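K.L.:
This is work.txt (compact mmCIF, C-alpha atoms).
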```
# COMPACT_ATOMS: atom_id res chain seq x y z
CA MET J 1373 -123.69 22.03 -43.45
CA GLY J 1374 -126.42 20.90 -41.11
CA GLY J 1375 -127.54 22.61 -37.92
CA LEU J 1376 -126.62 22.05 -34.31
CA GLU J 1377 -129.49 19.63 -33.80
CA THR J 1378 -129.11 17.48 -36.90
CA GLU J 1379 -126.86 14.63 -37.93
CA LYS J 1380 -124.57 15.45 -40.82
CA LYS J 1381 -123.80 13.33 -43.86
CA VAL J 1382 -120.10 13.36 -44.60
CA MET J 1383 -117.81 11.89 -47.23
CA GLY J 1384 -114.54 10.24 -46.24
CA TRP J 1385 -112.11 7.61 -47.48
CA ALA J 1386 -112.41 4.33 -45.61
CA ALA J 1387 -110.80 0.92 -45.46
CA LYS J 1388 -113.56 -1.67 -45.93
CA ASP J 1389 -111.51 -4.75 -44.97
CA ALA J 1390 -108.01 -5.88 -43.92
CA THR J 1391 -106.55 -5.28 -47.38
CA GLY J 1392 -106.30 -1.72 -46.12
CA HIS J 1393 -107.38 -0.24 -49.45
CA LEU J 1394 -109.17 3.09 -48.95
CA SER J 1395 -112.10 4.23 -51.09
CA PRO J 1396 -114.90 6.82 -50.82
CA TYR J 1397 -117.43 6.21 -48.05
CA THR J 1398 -120.45 8.20 -46.90
CA TYR J 1399 -121.51 8.16 -43.24
CA SER J 1400 -123.23 10.27 -40.59
CA LEU J 1401 -121.61 12.47 -37.97
CA ARG J 1402 -123.40 12.96 -34.69
CA SER J 1403 -125.23 16.23 -34.16
CA THR J 1404 -123.15 18.94 -32.54
CA GLY J 1405 -123.72 18.58 -28.78
CA PRO J 1406 -123.30 21.34 -26.17
CA GLU J 1407 -119.59 20.57 -25.68
CA ASP J 1408 -118.85 19.73 -29.32
CA VAL J 1409 -116.90 21.49 -32.05
CA TYR J 1410 -117.85 20.87 -35.68
CA ILE J 1411 -114.71 21.04 -37.80
CA LYS J 1412 -114.20 21.21 -41.56
CA VAL J 1413 -110.98 19.25 -42.20
CA ILE J 1414 -108.21 21.10 -44.06
CA SER J 1415 -105.21 18.75 -43.71
CA CYS J 1416 -104.50 15.35 -42.18
CA GLY J 1417 -101.13 13.65 -41.72
CA ILE J 1418 -100.49 9.96 -42.40
CA CYS J 1419 -98.97 8.04 -39.47
CA HIS J 1420 -97.43 4.55 -39.55
CA THR J 1421 -100.06 3.52 -36.97
CA ASP J 1422 -102.70 4.08 -39.66
CA ILE J 1423 -101.20 1.12 -41.56
CA HIS J 1424 -101.49 -1.15 -38.50
CA GLN J 1425 -105.12 -0.15 -38.10
CA ILE J 1426 -106.35 -0.37 -41.70
CA LYS J 1427 -104.64 -3.77 -42.14
CA ASN J 1428 -105.81 -5.16 -38.79
CA ASP J 1429 -102.21 -5.85 -37.73
CA LEU J 1430 -103.25 -5.58 -34.08
CA GLY J 1431 -106.38 -7.72 -34.48
CA MET J 1432 -108.75 -4.97 -33.28
CA SER J 1433 -109.90 -3.28 -36.48
CA ARG J 1434 -113.52 -2.42 -37.21
CA TYR J 1435 -114.66 -1.70 -40.74
CA PRO J 1436 -115.56 0.50 -42.54
CA MET J 1437 -112.75 2.61 -41.03
CA VAL J 1438 -111.87 6.20 -41.90
CA PRO J 1439 -108.32 6.65 -40.54
CA GLY J 1440 -106.38 9.83 -39.80
CA HIS J 1441 -105.40 11.27 -36.41
CA GLU J 1442 -103.24 14.27 -37.30
CA VAL J 1443 -106.15 16.52 -38.19
CA VAL J 1444 -106.16 20.27 -38.75
CA GLY J 1445 -109.35 22.06 -39.71
CA GLU J 1446 -111.49 25.14 -39.39
CA VAL J 1447 -114.27 25.44 -36.82
CA VAL J 1448 -117.65 25.69 -38.55
CA GLU J 1449 -119.92 25.75 -35.51
CA VAL J 1450 -119.72 25.14 -31.76
CA GLY J 1451 -122.09 23.81 -29.12
CA SER J 1452 -123.79 26.03 -26.57
CA ASP J 1453 -121.29 25.24 -23.78
CA VAL J 1454 -118.12 25.60 -25.86
CA THR J 1455 -115.92 28.36 -24.47
CA LYS J 1456 -112.49 27.72 -25.98
CA PHE J 1457 -113.33 27.97 -29.68
CA LYS J 1458 -115.39 29.95 -32.14
CA ALA J 1459 -116.30 29.63 -35.81
CA GLY J 1460 -113.32 30.42 -38.03
CA ASP J 1461 -110.65 29.18 -35.59
CA VAL J 1462 -108.02 26.84 -37.02
CA VAL J 1463 -107.78 23.84 -34.69
CA GLY J 1464 -106.21 20.43 -34.34
CA VAL J 1465 -107.40 16.97 -33.31
CA GLY J 1466 -105.00 14.17 -32.41
CA ALA J 1467 -105.30 10.47 -31.61
CA ILE J 1468 -107.88 10.73 -28.80
CA VAL J 1469 -111.39 12.20 -28.78
CA GLY J 1470 -112.70 11.02 -25.39
CA SER J 1471 -111.83 9.72 -21.92
CA CYS J 1472 -113.66 8.88 -18.69
CA ARG J 1473 -112.71 12.19 -16.94
CA ASN J 1474 -112.74 10.46 -13.52
CA CYS J 1475 -109.71 8.17 -13.28
CA HIS J 1476 -106.28 9.11 -11.93
CA PRO J 1477 -104.76 9.81 -15.38
CA CYS J 1478 -107.73 11.98 -16.37
CA LYS J 1479 -107.62 13.95 -13.12
CA SER J 1480 -103.85 14.31 -13.53
CA ASP J 1481 -104.23 15.77 -17.05
CA ILE J 1482 -102.59 12.77 -18.69
CA GLU J 1483 -105.81 11.49 -20.24
CA GLN J 1484 -103.89 9.60 -22.94
CA TYR J 1485 -103.34 6.91 -20.27
CA CYS J 1486 -107.03 6.60 -19.38
CA ASN J 1487 -108.12 2.97 -19.74
CA LYS J 1488 -111.40 4.17 -21.24
CA LYS J 1489 -109.94 6.61 -23.74
CA ILE J 1490 -111.71 6.84 -27.07
CA TRP J 1491 -109.60 6.79 -30.22
CA SER J 1492 -110.20 9.27 -33.01
CA TYR J 1493 -111.07 6.35 -35.26
CA ASN J 1494 -111.54 2.58 -35.04
CA ASP J 1495 -113.37 2.96 -31.73
CA VAL J 1496 -116.90 3.42 -30.41
CA TYR J 1497 -118.04 6.77 -29.04
CA THR J 1498 -120.23 7.22 -25.96
CA ASP J 1499 -123.33 7.26 -28.18
CA GLY J 1500 -122.49 3.79 -29.48
CA LYS J 1501 -121.51 4.97 -32.95
CA PRO J 1502 -118.10 4.27 -34.51
CA THR J 1503 -115.51 7.03 -34.44
CA GLN J 1504 -114.08 8.05 -37.81
CA GLY J 1505 -110.91 10.02 -38.44
CA GLY J 1506 -109.57 12.88 -40.47
CA PHE J 1507 -109.46 11.55 -44.02
CA ALA J 1508 -112.93 13.07 -44.39
CA GLU J 1509 -114.72 16.33 -45.02
CA SER J 1510 -115.44 17.02 -41.37
CA MET J 1511 -115.45 15.80 -37.76
CA VAL J 1512 -117.41 16.52 -34.59
CA VAL J 1513 -115.16 16.50 -31.51
CA ASP J 1514 -115.58 17.31 -27.81
CA GLN J 1515 -113.89 20.64 -27.08
CA LYS J 1516 -111.58 19.06 -24.48
CA PHE J 1517 -109.85 17.12 -27.26
CA VAL J 1518 -109.43 20.05 -29.64
CA VAL J 1519 -106.45 22.43 -29.62
CA LYS J 1520 -105.96 25.84 -31.18
CA ILE J 1521 -103.31 25.94 -33.90
CA PRO J 1522 -101.00 28.92 -33.24
CA ASP J 1523 -101.40 31.90 -35.56
CA GLY J 1524 -99.01 31.77 -38.49
CA MET J 1525 -98.59 27.98 -38.46
CA SER J 1526 -99.85 26.48 -41.72
CA PRO J 1527 -102.34 23.58 -41.48
CA GLU J 1528 -100.15 21.16 -43.44
CA GLN J 1529 -97.17 21.93 -41.18
CA ALA J 1530 -99.19 21.68 -37.97
CA ALA J 1531 -100.80 18.32 -38.79
CA PRO J 1532 -97.76 16.04 -38.19
CA LEU J 1533 -96.97 17.82 -34.93
CA LEU J 1534 -100.24 16.52 -33.42
CA CYS J 1535 -98.83 12.98 -33.33
CA ALA J 1536 -95.19 12.87 -34.48
CA GLY J 1537 -94.17 16.08 -32.69
CA LEU J 1538 -96.16 15.36 -29.55
CA THR J 1539 -94.91 11.78 -29.30
CA VAL J 1540 -91.34 13.07 -28.92
CA TYR J 1541 -92.07 16.18 -26.85
CA SER J 1542 -94.04 14.38 -24.13
CA PRO J 1543 -91.36 11.93 -22.90
CA LEU J 1544 -88.60 14.53 -23.10
CA LYS J 1545 -90.66 16.71 -20.78
CA HIS J 1546 -91.93 13.94 -18.51
CA PHE J 1547 -88.51 12.38 -17.89
CA GLY J 1548 -86.87 15.75 -17.24
CA LEU J 1549 -84.91 15.64 -20.47
CA ASN J 1550 -86.13 19.02 -21.73
CA LYS J 1551 -82.98 20.85 -20.63
CA SER J 1552 -79.90 21.83 -22.56
CA GLY J 1553 -76.58 20.02 -22.51
CA LEU J 1554 -77.85 16.46 -22.80
CA ARG J 1555 -76.71 13.89 -25.35
CA GLY J 1556 -79.59 12.08 -27.02
CA GLY J 1557 -80.09 9.42 -29.65
CA ILE J 1558 -82.90 9.12 -32.17
CA LEU J 1559 -83.35 5.57 -33.47
CA GLY J 1560 -85.19 5.56 -36.80
CA LEU J 1561 -85.46 8.58 -39.06
CA GLY J 1562 -89.08 8.55 -40.16
CA GLY J 1563 -92.02 10.83 -39.35
CA VAL J 1564 -91.52 10.72 -35.57
CA GLY J 1565 -87.73 10.42 -35.75
CA HIS J 1566 -87.18 13.51 -37.89
CA MET J 1567 -89.28 15.58 -35.47
CA GLY J 1568 -87.28 14.01 -32.63
CA VAL J 1569 -84.06 15.40 -34.10
CA LYS J 1570 -85.57 18.85 -34.55
CA ILE J 1571 -87.17 19.08 -31.11
CA ALA J 1572 -84.14 17.67 -29.27
CA LYS J 1573 -81.83 20.10 -31.08
CA ALA J 1574 -84.17 22.98 -30.21
CA MET J 1575 -83.90 21.93 -26.55
CA GLY J 1576 -80.13 22.25 -26.78
CA HIS J 1577 -79.17 18.57 -27.05
CA HIS J 1578 -76.27 16.94 -28.87
CA VAL J 1579 -78.17 14.53 -31.14
CA THR J 1580 -77.00 11.26 -32.67
CA VAL J 1581 -79.21 9.65 -35.31
CA ILE J 1582 -79.05 5.85 -35.18
CA SER J 1583 -80.19 4.08 -38.33
CA SER J 1584 -80.02 0.62 -39.90
CA SER J 1585 -78.16 1.88 -42.98
CA ASP J 1586 -76.02 4.75 -44.20
CA LYS J 1587 -78.53 6.07 -46.72
CA LYS J 1588 -79.96 8.87 -44.55
CA ARG J 1589 -76.61 10.16 -43.26
CA GLU J 1590 -76.51 13.29 -45.42
CA GLU J 1591 -80.14 14.17 -44.68
CA ALA J 1592 -79.68 13.69 -40.94
CA LEU J 1593 -76.52 15.75 -40.66
CA GLU J 1594 -77.02 18.43 -43.30
CA HIS J 1595 -80.78 18.91 -43.52
CA LEU J 1596 -82.05 18.04 -40.05
CA GLY J 1597 -79.05 19.30 -38.09
CA ALA J 1598 -78.07 16.12 -36.23
CA ASP J 1599 -74.58 16.16 -34.71
CA GLU J 1600 -73.62 12.55 -35.37
CA TYR J 1601 -74.85 9.55 -37.36
CA LEU J 1602 -74.41 5.94 -36.34
CA VAL J 1603 -75.29 2.77 -38.26
CA SER J 1604 -76.64 0.26 -35.72
CA SER J 1605 -74.93 -2.70 -37.43
CA ASP J 1606 -71.52 -0.99 -37.35
CA GLY J 1607 -69.98 -2.84 -34.42
CA GLU J 1608 -66.88 -0.68 -34.28
CA GLY J 1609 -68.87 2.56 -34.40
CA VAL J 1610 -71.30 1.35 -31.73
CA GLU J 1611 -68.41 0.29 -29.52
CA LYS J 1612 -66.75 3.70 -29.84
CA ALA J 1613 -69.99 5.42 -28.87
CA ALA J 1614 -70.69 3.15 -25.86
CA ASP J 1615 -71.89 4.83 -22.65
CA SER J 1616 -72.29 8.20 -24.39
CA LEU J 1617 -76.04 8.94 -24.47
CA ASP J 1618 -78.42 10.15 -21.76
CA TYR J 1619 -81.42 8.79 -23.65
CA ILE J 1620 -82.50 7.15 -26.89
CA ILE J 1621 -85.90 7.72 -28.45
CA ASP J 1622 -86.70 4.49 -30.29
CA THR J 1623 -89.23 5.20 -33.04
CA VAL J 1624 -88.80 1.97 -35.02
CA PRO J 1625 -92.22 0.30 -35.63
CA VAL J 1626 -90.90 -3.19 -36.48
CA VAL J 1627 -89.00 -5.86 -34.53
CA HIS J 1628 -85.36 -4.87 -34.05
CA PRO J 1629 -82.48 -5.69 -31.66
CA LEU J 1630 -82.25 -3.58 -28.50
CA GLU J 1631 -78.71 -4.52 -27.42
CA PRO J 1632 -76.88 -2.00 -29.63
CA CYS J 1633 -79.03 0.80 -28.21
CA LEU J 1634 -78.63 -0.29 -24.61
CA SER J 1635 -74.84 -0.32 -24.96
CA LEU J 1636 -74.90 3.32 -26.07
CA LEU J 1637 -76.62 4.54 -22.89
CA LYS J 1638 -74.77 6.12 -19.98
CA LEU J 1639 -75.36 5.14 -16.35
CA ASP J 1640 -79.09 5.70 -15.66
CA GLY J 1641 -79.74 6.22 -19.37
CA LYS J 1642 -83.22 5.65 -20.77
CA LEU J 1643 -84.34 3.76 -23.85
CA ILE J 1644 -87.79 5.17 -24.62
CA LEU J 1645 -89.90 2.95 -26.87
CA MET J 1646 -92.42 4.59 -29.20
CA GLY J 1647 -92.92 2.24 -32.13
CA VAL J 1648 -96.12 0.18 -32.16
CA ILE J 1649 -94.84 -3.39 -32.63
CA ASN J 1650 -97.08 -6.46 -32.61
CA ALA J 1651 -94.33 -8.94 -31.65
CA PRO J 1652 -92.04 -9.29 -28.60
CA LEU J 1653 -88.67 -7.54 -28.38
CA GLN J 1654 -85.75 -9.19 -26.59
CA PHE J 1655 -82.73 -8.11 -24.55
CA LEU J 1656 -80.28 -9.65 -22.08
CA THR J 1657 -80.94 -8.47 -18.53
CA PRO J 1658 -77.28 -7.63 -17.72
CA MET J 1659 -77.49 -4.98 -20.45
CA VAL J 1660 -79.81 -2.96 -18.21
CA MET J 1661 -78.59 -4.13 -14.80
CA ILE J 1662 -74.98 -3.07 -15.37
CA GLY J 1663 -75.53 0.63 -15.79
CA ARG J 1664 -78.93 0.85 -14.05
CA LYS J 1665 -80.47 1.56 -17.42
CA SER J 1666 -84.20 1.82 -18.06
CA ILE J 1667 -86.35 0.55 -20.89
CA THR J 1668 -89.56 2.51 -20.80
CA GLY J 1669 -92.29 3.70 -23.13
CA SER J 1670 -94.33 6.76 -23.84
CA PHE J 1671 -97.62 7.23 -25.65
CA ILE J 1672 -98.45 10.39 -27.62
CA GLY J 1673 -99.05 13.15 -25.03
CA SER J 1674 -101.73 15.01 -23.10
CA MET J 1675 -103.88 17.86 -24.35
CA LYS J 1676 -101.88 20.27 -22.18
CA GLU J 1677 -98.64 18.95 -23.64
CA THR J 1678 -100.10 19.30 -27.14
CA GLU J 1679 -100.71 23.01 -26.53
CA GLU J 1680 -97.23 23.43 -25.02
CA MET J 1681 -95.59 21.55 -27.89
CA LEU J 1682 -97.33 23.65 -30.54
CA GLU J 1683 -96.20 26.86 -28.81
CA PHE J 1684 -92.66 25.46 -28.45
CA CYS J 1685 -92.52 24.64 -32.17
CA LYS J 1686 -93.84 28.08 -33.06
CA GLU J 1687 -91.35 29.82 -30.75
CA LYS J 1688 -88.41 27.81 -32.11
CA GLY J 1689 -89.57 27.99 -35.73
CA LEU J 1690 -89.77 24.21 -36.05
CA THR J 1691 -91.48 22.70 -39.08
CA SER J 1692 -92.05 19.18 -40.35
CA MET J 1693 -90.53 17.95 -43.60
CA ILE J 1694 -93.62 16.89 -45.52
CA GLU J 1695 -94.94 15.72 -48.86
CA VAL J 1696 -98.43 17.09 -49.52
CA ILE J 1697 -100.75 14.82 -51.50
CA LYS J 1698 -104.37 14.69 -52.64
CA MET J 1699 -106.78 12.07 -51.32
CA ASP J 1700 -106.78 10.06 -54.55
CA TYR J 1701 -103.08 9.33 -53.97
CA ILE J 1702 -103.58 7.96 -50.46
CA ASN J 1703 -103.30 4.24 -51.27
CA THR J 1704 -100.02 4.84 -53.10
CA ALA J 1705 -98.85 6.91 -50.13
CA PHE J 1706 -99.54 4.02 -47.75
CA GLU J 1707 -97.57 1.68 -50.03
CA ARG J 1708 -94.66 4.10 -50.06
CA LEU J 1709 -94.82 4.61 -46.29
CA GLU J 1710 -94.52 0.85 -45.76
CA LYS J 1711 -91.26 1.02 -47.75
CA ASN J 1712 -90.06 4.12 -45.84
CA ASP J 1713 -90.25 6.02 -49.11
CA VAL J 1714 -91.24 9.43 -47.74
CA ARG J 1715 -89.31 12.41 -46.40
CA TYR J 1716 -90.69 12.42 -43.75
CA ARG J 1717 -94.45 12.70 -43.43
CA PHE J 1718 -97.27 12.54 -45.95
CA VAL J 1719 -99.98 15.14 -45.37
CA VAL J 1720 -103.27 14.90 -47.24
CA ASP J 1721 -104.68 18.17 -48.57
CA VAL J 1722 -108.20 17.12 -47.64
CA ALA J 1723 -109.91 20.46 -48.34
CA GLY J 1724 -108.29 20.62 -51.78
CA SER J 1725 -109.18 17.04 -52.72
CA LYS J 1726 -112.18 15.59 -54.54
CA LEU J 1727 -113.49 13.05 -52.04
CA SER J 1728 -116.43 11.66 -53.99
CA PRO J 1729 -115.99 8.85 -56.57
```
Show me the file's structure as structure tokens.
P.N.:
Amino acid sequence: MGGLETEKKVMGWAAKDATGHLSPYTYSLRSTGPEDVYIKVISCGICHTDIHQIKNDLGMSRYPMVPGHEVVGEVVEVGSDVTKFKAGDVVGVGAIVGSCRNCHPCKSDIEQYCNKKIWSYNDVYTDGKPTQGGFAESMVVDQKFVVKIPDGMSPEQAAPLLCAGLTVYSPLKHFGLNKSGLRGGILGLGGVGHMGVKIAKAMGHHVTVISSSDKKREEALEHLGADEYLVSSDGEGVEKAADSLDYIIDTVPVVHPLEPCLSLLKLDGKLILMGVINAPLQFLTPMVMIGRKSITGSFIGSMKETEEMLEFCKEKGLTSMIEVIKMDYINTAFERLEKNDVRYRFVVDVAGSKLSP
């Protein structure tokens, strides 16, 4: 395993270029520093953002790149100053593994908005080495960016919560929408969207799923517990539902029209953008002016919110709908994810996979 003072050789699956094809890759992890936690990866979820990164859709990709930022694993060893974790703990790591600790967001415990945050992968750590993600045997992570997985929550169920669950929970809390009796909309029923339905329902909201087609109606209403289903291109249906929603969580990661959503919002309603889109979106200004509506965004969540969200999901008995795969299926999984052919999150059984060629 390697000791506290030594670098560790680790096997992962990396994209080597913008084709995005992943294959086995051996690299070194930094030695476990005083504040570090050395984690053996058990499970790692696949997020749509991983596709953007491995294919250089945002023009910022560094290769070789081991993706994966919904990581659950077991603590193997801890640094001398680690107080929150011990060997044997089951823990999670999300999209961020570092921040400056000194800026206003960091001091306000919203470190995800730090301008010097360090991504779990496709970034450079403070020691100058590239960060690599969770599609690998193990990771070394600063204890501040590690969370305890609640007892009784399985690793494969917890993994998607670290991004998909958190991404929905954070804005609902921040904007004061985490109270019962509200009417909310979830635009897009993928990995984030399906957790949006579940979390909003658990908060006591009347939830309308908004989708581009009718094909997920039965799943939304019967399996996920949504109250209503609306097809965004159904002009008559959209008109009937006008001015009915307090908020809409927009999870769609591709260019799409905003006008249908804006018309659904009540006075002072909020359209909260969450999809990573590398092209401009458009809307007519009267759509927001007449109704004092807001178009805003939210980005994952803080470490404190991650802990809160995990406890909330445990308390409410919330689980993700997942398809567990082995690592050798990962390229097929990415192809299927691009076609929205997953219900609703792929999770890689890393510990149970053969990672070497």
K.L.:
What lies within 8 Å of Glu1611 in chain J using all atoms listed in the file, ignoring chain neighbours under 3 positions off, as a ChimeraX atom specification?
P.N.:
/J:1607-1608,1614,1635-1636
K.L.:
In Å, how far is it from CA of Val1610 in chain J to CA of Val1564 in chain J?
P.N.:
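CA of Val1564 in chain J lies 22.6 Å from CA of Val1610 in chain J.
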K.L.:
What are the nearest atom pairs, with distances in Å to one decimal, for all residues of range 1453-1544 of chain J that come at most 12 Å from range 1697-1708 of chain J, using all atoms listed in the file, set out by chain and rising residue number as JSON lines?
P.N.:
```
{"residue": "J:Gly1506", "atom": "CA", "partner": "J:Met1699", "partner_atom": "CA", "distance": 11.2}
{"residue": "J:Phe1507", "atom": "CA", "partner": "J:Met1699", "partner_atom": "CA", "distance": 7.8}
{"residue": "J:Ala1508", "atom": "CA", "partner": "J:Met1699", "partner_atom": "CA", "distance": 9.3}
{"residue": "J:Glu1509", "atom": "CA", "partner": "J:Met1699", "partner_atom": "CA", "distance": 11.0}
{"residue": "J:Glu1528", "atom": "CA", "partner": "J:Ile1697", "partner_atom": "CA", "distance": 10.3}
```
K.L.:
Using only C-alpha atoms for the distances, tell me which of J:Val1581, J:Leu1639, J:Met1567, J:Ile1426 is nearest to Ser1604 in chain J.
P.N.:
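Comparing J:Val1581, J:Leu1639, J:Met1567, J:Ile1426 against Ser1604 in chain J, the winner is J:Val1581.
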K.L.:
Need to verify the contact set: Trp1385 in chain J, 12 Å, all atoms listed in the file, exclusion of same-chain residues closer than 3 positions in sequence. Can you return it as a VMD selection string?
P.N.:
chain J and resid 1382 1388 1392 to 1399 1426 1435 to 1440 1504 to 1510 1698 to 1703 1720 1722 1725 to 1729
K.L.:
When you look at Ile1468 in chain J with a cut-off of 7 Å (counting only C-alpha atoms), what residues show up, excluding the ones that are within fewer than 2 positions of it in the same chain? I need them as a list in words.
P.N.:
Gly1466, Gly1470, Lys1489, Ile1490, Trp1491, Ser1492 and Phe1517 of chain J
K.L.:
So the first atom is CA of Cys1478 in chain J and the second is CA of Phe1671 in chain J; what is the distance between them in Å, to one decimal place?
P.N.:
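Computing the Euclidean distance for CA of Cys1478 in chain J and CA of Phe1671 in chain J yields 14.5 Å.
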K.L.:
Given the choices J:Gly1445, J:Pro1658, J:Gly1576, J:Gly1689, which gets closest to Val1513 in chain J if the distance is worked out from only C-alpha atoms?
P.N.:
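Residue with the minimum atom-to-atom distance to Val1513 in chain J: J:Gly1445.
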K.L.:
Need the shell around range 1676-1678 of chain J: protein/DNA/RNA residues with any atom at most 9 Å away, counting all atoms listed in the file. Skip same-chain ones fewer than 5 positions apart. Format as a PDB file with C-alpha atoms, in the coordinates of the input?
P.N.:
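File around_32.pdb, as written:
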```pdb
ATOM      1  CA  GLY J1466    -105.000  14.170 -32.410  1.00  0.00           C
ATOM      2  CA  ASP J1481    -104.230  15.770 -17.050  1.00  0.00           C
ATOM      3  CA  ILE J1482    -102.590  12.770 -18.690  1.00  0.00           C
ATOM      4  CA  VAL J1519    -106.450  22.430 -29.620  1.00  0.00           C
ATOM      5  CA  LEU J1533     -96.970  17.820 -34.930  1.00  0.00           C
ATOM      6  CA  LEU J1534    -100.240  16.520 -33.420  1.00  0.00           C
ATOM      7  CA  CYS J1535     -98.830  12.980 -33.330  1.00  0.00           C
ATOM      8  CA  GLY J1537     -94.170  16.080 -32.690  1.00  0.00           C
ATOM      9  CA  LEU J1538     -96.160  15.360 -29.550  1.00  0.00           C
ATOM     10  CA  TYR J1541     -92.070  16.180 -26.850  1.00  0.00           C
ATOM     11  CA  SER J1542     -94.040  14.380 -24.130  1.00  0.00           C
ATOM     12  CA  LYS J1545     -90.660  16.710 -20.780  1.00  0.00           C
ATOM     13  CA  GLU J1683     -96.200  26.860 -28.810  1.00  0.00           C
TER      14      GLU J1683
END
```
K.L.:
So how far away is CA of His1424 in chain J from CA of Glu1710 in chain J, in Å?
P.N.:
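The value is 10.3 Å.
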K.L.:
Padding 4 Å on each side, edges along x, y and z: where is the centre of the box around the listed atoms of range 1596-1610 of chain J, and how long are its edges in Å to one decimal? Output it as JSON.
P.N.:
```
{"center_x": -74.5, "center_y": 8.2, "center_z": -35.9, "size_x": 23.2, "size_y": 30.1, "size_z": 16.3}
```
K.L.:
From the block you just saw, export range 1722-1727 of chain J: all heavy atoms, as a tab-separated table (two decimals), in the first residue's frame.
P.N.:
```tsv
chain	number	residue	atom	x	y	z
J	1722	VAL	N	-15.68	0.06	-8.68
J	1722	VAL	CA	-14.23	0.13	-8.89
J	1722	VAL	C	-13.52	-1.00	-8.15
J	1722	VAL	O	-12.67	-1.70	-8.70
J	1722	VAL	CB	-13.68	1.50	-8.43
J	1722	VAL	CG1	-12.16	1.57	-8.62
J	1722	VAL	CG2	-14.35	2.63	-9.21
J	1723	ALA	N	-13.89	-1.21	-6.88
J	1723	ALA	CA	-13.21	-2.22	-6.07
J	1723	ALA	C	-13.41	-3.63	-6.64
J	1723	ALA	O	-12.55	-4.50	-6.49
J	1723	ALA	CB	-13.69	-2.16	-4.63
J	1724	GLY	N	-14.53	-3.83	-7.33
J	1724	GLY	CA	-14.83	-5.16	-7.88
J	1724	GLY	C	-14.42	-5.32	-9.33
J	1724	GLY	O	-14.78	-6.31	-9.97
J	1725	SER	N	-13.67	-4.33	-9.84
J	1725	SER	CA	-13.26	-4.37	-11.25
J	1725	SER	C	-11.78	-4.71	-11.39
J	1725	SER	O	-10.97	-4.39	-10.51
J	1725	SER	CB	-13.50	-3.00	-11.91
J	1725	SER	OG	-14.86	-2.67	-11.95
J	1726	LYS	N	-11.44	-5.35	-12.51
J	1726	LYS	CA	-10.04	-5.56	-12.86
J	1726	LYS	C	-9.58	-4.31	-13.60
J	1726	LYS	O	-10.07	-4.01	-14.69
J	1726	LYS	CB	-9.91	-6.80	-13.75
J	1726	LYS	CG	-8.49	-7.15	-14.14
J	1726	LYS	CD	-8.48	-8.48	-14.90
J	1726	LYS	CE	-7.05	-8.88	-15.28
J	1726	LYS	NZ	-6.54	-8.09	-16.41
J	1727	LEU	N	-8.66	-3.55	-13.02
J	1727	LEU	CA	-8.25	-2.28	-13.61
J	1727	LEU	C	-7.08	-2.43	-14.57
J	1727	LEU	O	-6.91	-1.62	-15.47
J	1727	LEU	CB	-7.89	-1.28	-12.50
J	1727	LEU	CG	-8.99	-0.93	-11.50
J	1727	LEU	CD1	-8.56	0.22	-10.63
J	1727	LEU	CD2	-10.30	-0.62	-12.17
```
